[in-house]
>>> print(open('work_2.txt').read())   # compact mmCIF, C-alpha atoms and all ligand atoms
# COMPACT_ATOMS: atom_id res chain seq x y z
CA MET J 1 116.02 149.48 -29.15
CA GLU J 2 114.33 152.34 -27.30
CA LEU J 3 112.94 151.40 -23.90
CA PRO J 4 110.32 153.67 -22.33
CA ILE J 5 110.49 154.03 -18.55
CA GLU J 6 106.86 154.62 -17.66
CA ASN J 7 107.48 153.76 -14.02
CA PRO J 8 110.82 152.64 -12.56
CA GLY J 9 110.38 148.99 -11.56
CA ASP J 10 108.09 148.11 -14.48
CA TRP J 11 110.88 146.09 -16.05
CA ASP J 12 114.21 144.79 -14.90
CA PRO J 13 117.09 146.73 -16.49
CA GLY J 14 119.63 143.98 -15.74
CA ARG J 15 117.49 141.38 -17.49
CA ALA J 16 116.82 143.81 -20.37
CA ALA J 17 120.58 144.37 -20.74
CA ASP J 18 121.13 140.59 -20.97
CA ILE J 19 118.40 140.12 -23.58
CA LEU J 20 119.66 143.06 -25.67
CA SER J 21 123.23 141.87 -25.56
CA GLY J 22 122.11 138.39 -26.67
CA LEU J 23 120.44 140.03 -29.65
CA GLU J 24 123.41 142.34 -30.29
CA LEU J 25 121.19 145.37 -29.83
CA GLY J 26 122.05 148.65 -28.13
CA ALA J 27 119.59 150.60 -26.00
CA THR J 28 118.26 154.08 -25.61
CA THR J 29 115.63 155.04 -23.06
CA CYS J 30 112.90 157.61 -22.87
CA ALA J 31 111.09 159.17 -19.96
CA VAL J 32 107.30 159.29 -19.87
CA MET J 33 105.57 162.49 -18.74
CA PRO J 34 102.03 162.08 -17.37
CA ASP J 35 100.15 164.87 -15.53
CA THR J 36 101.93 164.10 -12.26
CA ARG J 37 105.42 164.93 -13.59
CA ASP J 38 106.28 168.56 -14.29
CA LEU J 39 109.55 170.50 -13.94
CA LEU J 40 107.65 173.75 -14.55
CA SER J 41 105.20 173.25 -11.68
CA ASP J 42 104.57 175.98 -9.10
CA ASN J 43 104.55 173.22 -6.52
CA PRO J 44 108.13 172.48 -5.35
CA ALA J 45 107.10 168.96 -4.29
CA VAL J 46 106.04 168.16 -7.87
CA VAL J 47 109.34 169.48 -9.24
CA ALA J 48 111.28 167.47 -6.65
CA SER J 49 109.42 164.22 -7.35
CA THR J 50 109.88 164.74 -11.10
CA GLN J 51 113.59 165.25 -10.52
CA GLU J 52 113.71 162.04 -8.49
CA TYR J 53 111.95 160.20 -11.32
CA ILE J 54 114.46 161.50 -13.89
CA LYS J 55 117.36 160.48 -11.64
CA SER J 56 115.85 156.99 -11.47
CA CYS J 57 115.64 156.96 -15.27
CA VAL J 58 119.34 157.85 -15.46
CA ARG J 59 120.23 154.88 -13.24
CA ILE J 60 118.05 152.54 -15.29
CA ALA J 61 119.63 153.86 -18.50
CA LYS J 62 123.09 153.29 -17.11
CA ARG J 63 122.20 149.75 -16.00
CA VAL J 64 120.75 148.83 -19.38
CA GLY J 65 123.72 150.33 -21.21
CA ALA J 66 121.90 153.32 -22.71
CA ARG J 67 123.61 156.68 -23.13
CA THR J 68 120.45 158.77 -23.30
CA VAL J 69 117.23 159.45 -21.44
CA GLY J 70 115.08 161.34 -23.89
CA GLY J 71 111.67 162.87 -24.19
CA PRO J 72 109.72 166.00 -23.28
CA ILE J 73 111.12 165.90 -19.75
CA TYR J 74 109.91 169.42 -18.99
CA THR J 75 106.13 169.19 -18.62
CA PRO J 76 103.27 166.71 -19.12
CA VAL J 77 102.50 165.56 -22.66
CA GLY J 78 99.20 167.09 -23.76
CA LYS J 79 99.46 170.14 -21.47
CA THR J 80 99.00 173.35 -23.46
CA TRP J 81 98.44 176.86 -22.18
CA LEU J 82 98.77 180.46 -23.33
CA MET J 83 101.92 182.26 -22.23
CA ASN J 84 103.13 185.82 -22.79
CA ALA J 85 106.82 186.61 -23.28
CA ASP J 86 107.40 187.35 -19.58
CA ALA J 87 105.74 184.15 -18.41
CA ARG J 88 107.77 182.24 -20.97
CA ARG J 89 111.03 183.73 -19.70
CA VAL J 90 110.11 182.69 -16.14
CA ALA J 91 109.27 179.15 -17.27
CA VAL J 92 112.49 178.80 -19.30
CA ALA J 93 114.54 180.01 -16.31
CA ARG J 94 112.72 177.57 -14.04
CA LEU J 95 113.40 174.67 -16.39
CA ILE J 96 117.09 175.56 -16.71
CA GLN J 97 117.36 175.66 -12.93
CA ALA J 98 115.63 172.29 -12.55
CA LEU J 99 117.76 170.70 -15.29
CA ARG J 100 121.17 171.87 -14.03
CA PRO J 101 121.54 169.40 -11.12
CA LEU J 102 119.85 166.66 -13.17
CA SER J 103 122.30 167.15 -16.04
CA GLU J 104 125.24 167.06 -13.66
CA ASP J 105 123.90 163.84 -12.17
CA ALA J 106 123.35 162.37 -15.66
CA ALA J 107 126.86 163.34 -16.81
CA GLU J 108 128.38 161.72 -13.73
CA ASN J 109 126.63 158.51 -14.79
CA GLY J 110 127.71 158.75 -18.43
CA VAL J 111 124.16 159.53 -19.53
CA MET J 112 122.69 162.50 -21.40
CA LEU J 113 119.18 163.88 -20.89
CA THR J 114 117.86 164.82 -24.32
CA ILE J 115 115.18 167.48 -24.48
CA GLU J 116 112.60 166.74 -27.15
CA PRO J 117 110.44 169.43 -28.79
CA LEU J 118 106.88 168.20 -29.35
CA ASN J 119 104.29 169.47 -31.79
CA ARG J 120 101.85 172.21 -30.78
CA TYR J 121 99.02 169.82 -29.94
CA GLU J 122 101.12 167.95 -27.37
CA THR J 123 102.77 170.91 -25.67
CA SER J 124 102.78 174.69 -25.91
CA PHE J 125 106.20 175.02 -24.32
CA ILE J 126 108.97 173.58 -26.54
CA ASN J 127 107.81 173.08 -30.13
CA THR J 128 110.98 173.83 -32.09
CA VAL J 129 114.61 172.80 -32.01
CA GLU J 130 115.53 176.44 -31.51
CA GLN J 131 113.47 176.57 -28.30
CA ALA J 132 115.17 173.40 -27.04
CA VAL J 133 118.60 174.82 -27.87
CA GLU J 134 117.79 177.94 -25.84
CA VAL J 135 117.39 175.75 -22.75
CA VAL J 136 120.14 173.22 -23.44
CA SER J 137 122.80 175.81 -24.31
CA ALA J 138 122.03 177.65 -21.06
CA VAL J 139 122.37 174.42 -19.05
CA ASP J 140 125.63 173.85 -20.94
CA SER J 141 126.44 170.37 -19.63
CA PRO J 142 127.59 167.12 -21.29
CA GLY J 143 124.59 165.63 -19.47
CA CYS J 144 122.03 167.67 -21.41
CA GLY J 145 121.34 167.66 -25.15
CA VAL J 146 118.65 168.12 -27.76
CA GLN J 147 116.52 165.34 -29.21
CA VAL J 148 114.81 165.62 -32.57
CA ASP J 149 111.86 163.63 -33.85
CA THR J 150 110.90 163.81 -37.52
CA PHE J 151 107.20 163.47 -36.69
CA HIS J 152 107.20 166.69 -34.63
CA MET J 153 109.70 168.51 -36.85
CA ASN J 154 107.49 167.86 -39.87
CA MET J 155 104.78 169.93 -38.20
CA GLU J 156 106.82 172.67 -36.57
CA GLU J 157 110.01 173.34 -38.53
CA LYS J 158 110.23 175.32 -41.76
CA ASN J 159 113.15 173.18 -43.00
CA LEU J 160 114.25 169.86 -41.52
CA ARG J 161 117.89 170.12 -42.55
CA GLU J 162 118.16 173.59 -41.03
CA ALA J 163 116.43 172.43 -37.85
CA ILE J 164 118.97 169.63 -37.39
CA ARG J 165 121.78 172.09 -38.09
CA CYS J 166 120.28 174.35 -35.43
CA ALA J 167 120.61 171.50 -32.88
CA GLY J 168 124.24 171.18 -34.07
CA LYS J 169 126.67 170.11 -31.39
CA TRP J 170 123.84 169.76 -28.88
CA LEU J 171 122.16 166.96 -30.82
CA GLY J 172 122.08 163.90 -28.56
CA HIS J 173 119.31 161.68 -29.87
CA VAL J 174 117.27 161.20 -33.04
CA GLN J 175 113.84 159.62 -33.38
CA VAL J 176 112.31 159.01 -36.77
CA SER J 177 108.95 157.98 -38.12
CA GLY J 178 106.82 158.75 -41.12
CA ASN J 179 104.71 161.89 -41.05
CA ASP J 180 101.80 159.66 -39.98
CA ARG J 181 103.89 157.87 -37.29
CA GLY J 182 104.14 154.93 -39.67
CA SER J 183 107.22 153.52 -41.34
CA PRO J 184 109.92 156.02 -42.41
CA GLY J 185 110.10 156.03 -46.20
CA ALA J 186 106.46 155.14 -46.79
CA ASP J 187 105.48 158.77 -46.25
CA HIS J 188 106.22 162.34 -47.35
CA ILE J 189 108.99 163.47 -44.95
CA PRO J 190 111.90 164.97 -47.01
CA TRP J 191 114.30 162.22 -45.93
CA ARG J 192 117.24 163.52 -47.96
CA ASP J 193 117.06 166.73 -45.94
CA VAL J 194 117.11 164.70 -42.72
CA ALA J 195 120.13 162.67 -43.88
CA ASP J 196 121.91 165.83 -45.07
CA GLY J 197 121.26 167.56 -41.74
CA LEU J 198 122.62 164.62 -39.74
CA ARG J 199 125.68 164.55 -41.96
CA ASP J 200 126.15 168.32 -41.65
CA VAL J 201 126.32 168.09 -37.85
CA ASN J 202 128.38 164.89 -37.95
CA TYR J 203 125.81 163.03 -35.86
CA LYS J 204 127.04 159.55 -34.88
CA GLY J 205 124.50 158.61 -32.21
CA PRO J 206 121.51 156.30 -32.32
CA ILE J 207 118.58 156.75 -34.68
CA CYS J 208 115.43 155.07 -33.39
CA ILE J 209 112.16 154.47 -35.17
CA GLU J 210 109.44 155.74 -32.86
CA SER J 211 106.05 154.40 -33.70
CA PHE J 212 103.17 153.29 -31.54
CA THR J 213 100.56 150.62 -31.38
CA SER J 214 96.97 151.10 -30.32
CA ALA J 215 97.46 148.05 -28.06
CA ASN J 216 98.82 150.18 -25.21
CA LYS J 217 95.79 152.33 -24.36
CA THR J 218 97.66 154.97 -22.31
CA ILE J 219 100.22 155.63 -25.02
CA ALA J 220 97.63 155.34 -27.81
CA ARG J 221 95.59 158.10 -26.18
CA SER J 222 98.50 160.42 -25.41
CA ALA J 223 100.02 160.03 -28.91
CA SER J 224 96.62 160.05 -30.69
CA ILE J 225 97.05 156.63 -32.29
CA TRP J 226 93.54 155.88 -33.52
CA ARG J 227 94.26 153.40 -36.30
CA ARG J 228 96.75 150.82 -37.47
CA LEU J 229 99.82 152.43 -39.09
CA ALA J 230 101.22 149.33 -40.82
CA PRO J 231 99.93 145.80 -41.45
CA THR J 232 102.01 144.64 -38.47
CA GLN J 233 104.45 146.35 -36.09
CA ASP J 234 107.18 143.96 -37.31
CA GLU J 235 106.67 145.08 -40.92
CA LEU J 236 106.88 148.68 -39.82
CA ALA J 237 110.22 147.99 -38.12
CA VAL J 238 111.70 145.85 -40.91
CA ASP J 239 110.66 148.17 -43.75
CA GLY J 240 111.67 151.28 -41.82
CA LEU J 241 115.08 149.88 -40.96
CA ALA J 242 115.77 148.85 -44.56
CA PHE J 243 114.80 152.32 -45.74
CA LEU J 244 117.05 154.02 -43.18
CA HIS J 245 120.03 151.82 -44.05
CA ASN J 246 119.68 152.81 -47.70
CA LEU J 247 119.20 156.47 -46.88
CA LEU J 248 122.20 156.71 -44.58
CA ASP J 249 124.44 154.64 -46.86
CA GLU J 250 123.64 157.05 -49.69
CA SER J 251 124.40 159.96 -47.40
CA ARG J 252 127.76 158.37 -46.54
CA VAL J 253 128.51 158.02 -50.22
CA ASP J 254 127.70 161.70 -50.71
CA GLU J 255 130.00 162.50 -47.80
CA ALA J 256 132.80 160.50 -49.43
CA ARG J 257 132.21 162.20 -52.75
CA ASP J 258 132.33 165.63 -51.10
CA ALA J 259 135.47 164.66 -49.22
CA LYS J 260 137.08 163.55 -52.48
CA LEU J 261 136.52 167.02 -53.88
CA GLU J 262 138.30 168.48 -50.86
CA PRO J 263 141.48 166.41 -50.37
CA ALA J 264 142.25 168.12 -47.06
CA SER J 265 139.28 166.64 -45.22
CA GLY J 266 140.73 163.16 -44.69
CA ALA J 267 138.22 160.67 -46.04
CA THR J 268 139.06 157.07 -45.15
CA PRO J 269 138.99 154.21 -47.68
CA ASP J 270 136.05 152.80 -45.73
CA ARG J 271 134.01 155.87 -46.53
CA LEU J 272 134.86 155.49 -50.19
CA SER J 273 133.51 151.95 -50.41
CA PRO J 274 131.13 151.42 -53.33
CA PRO J 275 127.48 152.24 -52.77
CA SER J 276 125.05 149.42 -52.10
CA THR J 277 122.33 151.45 -53.72
CA GLU J 278 122.12 153.45 -56.88
CA MET J 279 123.25 157.04 -56.43
CA THR J 280 120.83 159.74 -57.48
MN MN E 1 109.44 161.37 -29.99
>>> encode(input="work_2.txt", output="structure tokens", more="lines below")
Ligand SMILES: [Mn+2]
Amino acid sequence: MELPIENPGDWDPGRAADILSGLELGATTCAVMPDTRDLLSDNPAVVASTQEYIKSCVRIAKRVGARTVGGPIYTPVGKTWLMNADARRVAVARLIQALRPLSEDAAENGVMLTIEPLNRYETSFINTVEQAVEVVSAVDSPGCGVQVDTFHMNMEEKNLREAIRCAGKWLGHVQVSGNDRGSPGADHIPWRDVADGLRDVNYKGPICIESFTSANKTIARSASIWRRLAPTQDELAVDGLAFLHNLLDESRVDEARDAKLEPASGATPDRLSPPSTEMT
């Protein structure tokens, strides 16, 4: 279950941890970036208060048992501007500098900040996995990784499998939704490519469906949610989860089949268990 931290104090992480554990659910968290939070700001006070916010998110994540704080934690969602190559270099350097102490702090708390590329309409700064990797590989800390989101990748990447491979060892968190932000599977994302990419990089972390409801006006406006995406939010979750289980089980079967062809790679009997779905 992904828990957004709009403002620290909005919800009680201890109580959330209890509820989740009663439901046998794990947690991930995401930061929320309104106009007031910006690690690229010229104003050192804004950078400092954004850093304090992210540190608070790390503590909340730790308390609720989450290993990641994800999102576009570099600049406000919806902020776009023109930048030449020099200005971009300055901004990238500034972000790396701001992220270094934050990543150290996150790592000390067993948490990873995951930098999420957004589509071009929501930011002009980090649109592709490659751009995120440029920053994350320079920070080079176990407390800093890359987050991918199929909704944004569908708009910005030439090939989803290659994009996930580009994140490679830096991949720390995965969000999925249909190309319309609806249920994964009821849409035209090339899901086999996504599953193949995750398998290629041996990703074992959480995969969260990220959709939105128009009920929360702030989020509806920032994510451009103007209409209902499924009959109910519960149906979206149930259908999406069933689809993902099938998709990833099939991918595991493919992995086992590939491993069988290469005896050296050490497939376990578990991985060779019969498929629950028909292989294609
Ligand atoms: Mn996302």
>>> closest_residue(input="work_2.txt", among="J:Thr232, J:Asn246, J:Thr68, J:Asn119", to="Arg192 in chain J", atoms="all atoms listed in the file")
J:Asn246
>>> atom_distance(input="work_2.txt", atom1="CA of Ser41 in chain J", atom2="CA of Gly78 in chain J")
14.8 Å
>>> residues_near_ligand(input="work_2.txt", ligand="ligand MN 1 (chain E)", cutoff="9 Å", atoms="all atoms listed in the file", output="list in words")
Cys30, Gly70, Gly71, Pro72, Glu116, Pro117, Leu118, Gln147, Val148, Asp149, Thr150, Phe151, His152, Val174, Gln175, Val176, Ser177, Glu210 and Ser211 of chain J
>>> write_last_selection(input="work_2.txt", atoms="C-alpha atoms", output="PDB file, keeping the file's coordinate frame")
ATOM      1  CA  CYS J  30     112.900 157.610 -22.870  1.00  0.00           C
ATOM      2  CA  GLY J  70     115.080 161.340 -23.890  1.00  0.00           C
ATOM      3  CA  GLY J  71     111.670 162.870 -24.190  1.00  0.00           C
ATOM      4  CA  PRO J  72     109.720 166.000 -23.280  1.00  0.00           C
ATOM      5  CA  GLU J 116     112.600 166.740 -27.150  1.00  0.00           C
ATOM      6  CA  PRO J 117     110.440 169.430 -28.790  1.00  0.00           C
ATOM      7  CA  LEU J 118     106.880 168.200 -29.350  1.00  0.00           C
ATOM      8  CA  GLN J 147     116.520 165.340 -29.210  1.00  0.00           C
ATOM      9  CA  VAL J 148     114.810 165.620 -32.570  1.00  0.00           C
ATOM     10  CA  ASP J 149     111.860 163.630 -33.850  1.00  0.00           C
ATOM     11  CA  THR J 150     110.900 163.810 -37.520  1.00  0.00           C
ATOM     12  CA  PHE J 151     107.200 163.470 -36.690  1.00  0.00           C
ATOM     13  CA  HIS J 152     107.200 166.690 -34.630  1.00  0.00           C
ATOM     14  CA  VAL J 174     117.270 161.200 -33.040  1.00  0.00           C
ATOM     15  CA  GLN J 175     113.840 159.620 -33.380  1.00  0.00           C
ATOM     16  CA  VAL J 176     112.310 159.010 -36.770  1.00  0.00           C
ATOM     17  CA  SER J 177     108.950 157.980 -38.120  1.00  0.00           C
ATOM     18  CA  GLU J 210     109.440 155.740 -32.860  1.00  0.00           C
ATOM     19  CA  SER J 211     106.050 154.400 -33.700  1.00  0.00           C
TER      20      SER J 211
END
>>> closest_residue(input="work_2.txt", among="J:Gly240, J:Pro101, J:Gly172, J:Pro76", to="Phe125 in chain J", atoms="only C-alpha atoms")
J:Pro76
>>> atom_distance(input="work_2.txt", atom1="CA of Phe212 in chain J", atom2="CA of Gly9 in chain J")
21.7 Å
>>> closest_residue(input="work_2.txt", among="J:Val146, J:Cys166, J:Ala27, J:Met112", to="Glu130 in chain J", atoms="all atoms listed in the file")
J:Cys166
>>> residues_around(input="work_2.txt", residues="Arg63 in chain J", least_positions_apart="5", cutoff="9 Å", atoms="only C-alpha atoms", output="JSON list (two decimals) with C-alpha atoms, in the coordinates of the input")
[["chain", "number", "residue", "atom", "x", "y", "z"],
["J", 13, "PRO", "CA", 117.09, 146.73, -16.49],
["J", 14, "GLY", "CA", 119.63, 143.98, -15.74],
["J", 17, "ALA", "CA", 120.58, 144.37, -20.74],
["J", 58, "VAL", "CA", 119.34, 157.85, -15.46]]
>>> closest_atom_pairs(input="work_2.txt", of="range 136-249 of chain J", to="range 94-99 of chain J", cutoff="12 Å", atoms="all atoms listed in the file", output="JSON lines")
{"residue": "J:Val136", "atom": "CA", "partner": "J:Ile96", "partner_atom": "CA", "distance": 7.8}
{"residue": "J:Ser137", "atom": "CA", "partner": "J:Ile96", "partner_atom": "CA", "distance": 9.5}
{"residue": "J:Ala138", "atom": "CA", "partner": "J:Ile96", "partner_atom": "CA", "distance": 6.9}
{"residue": "J:Val139", "atom": "CA", "partner": "J:Ile96", "partner_atom": "CA", "distance": 5.9}
{"residue": "J:Asp140", "atom": "CA", "partner": "J:Ile96", "partner_atom": "CA", "distance": 9.7}
{"residue": "J:Ser141", "atom": "CA", "partner": "J:Leu99", "partner_atom": "CA", "distance": 9.7}
{"residue": "J:Gly143", "atom": "CA", "partner": "J:Leu99", "partner_atom": "CA", "distance": 9.5}
{"residue": "J:Cys144", "atom": "CA", "partner": "J:Leu99", "partner_atom": "CA", "distance": 8.1}
{"residue": "J:Gly145", "atom": "CA", "partner": "J:Leu99", "partner_atom": "CA", "distance": 10.9}
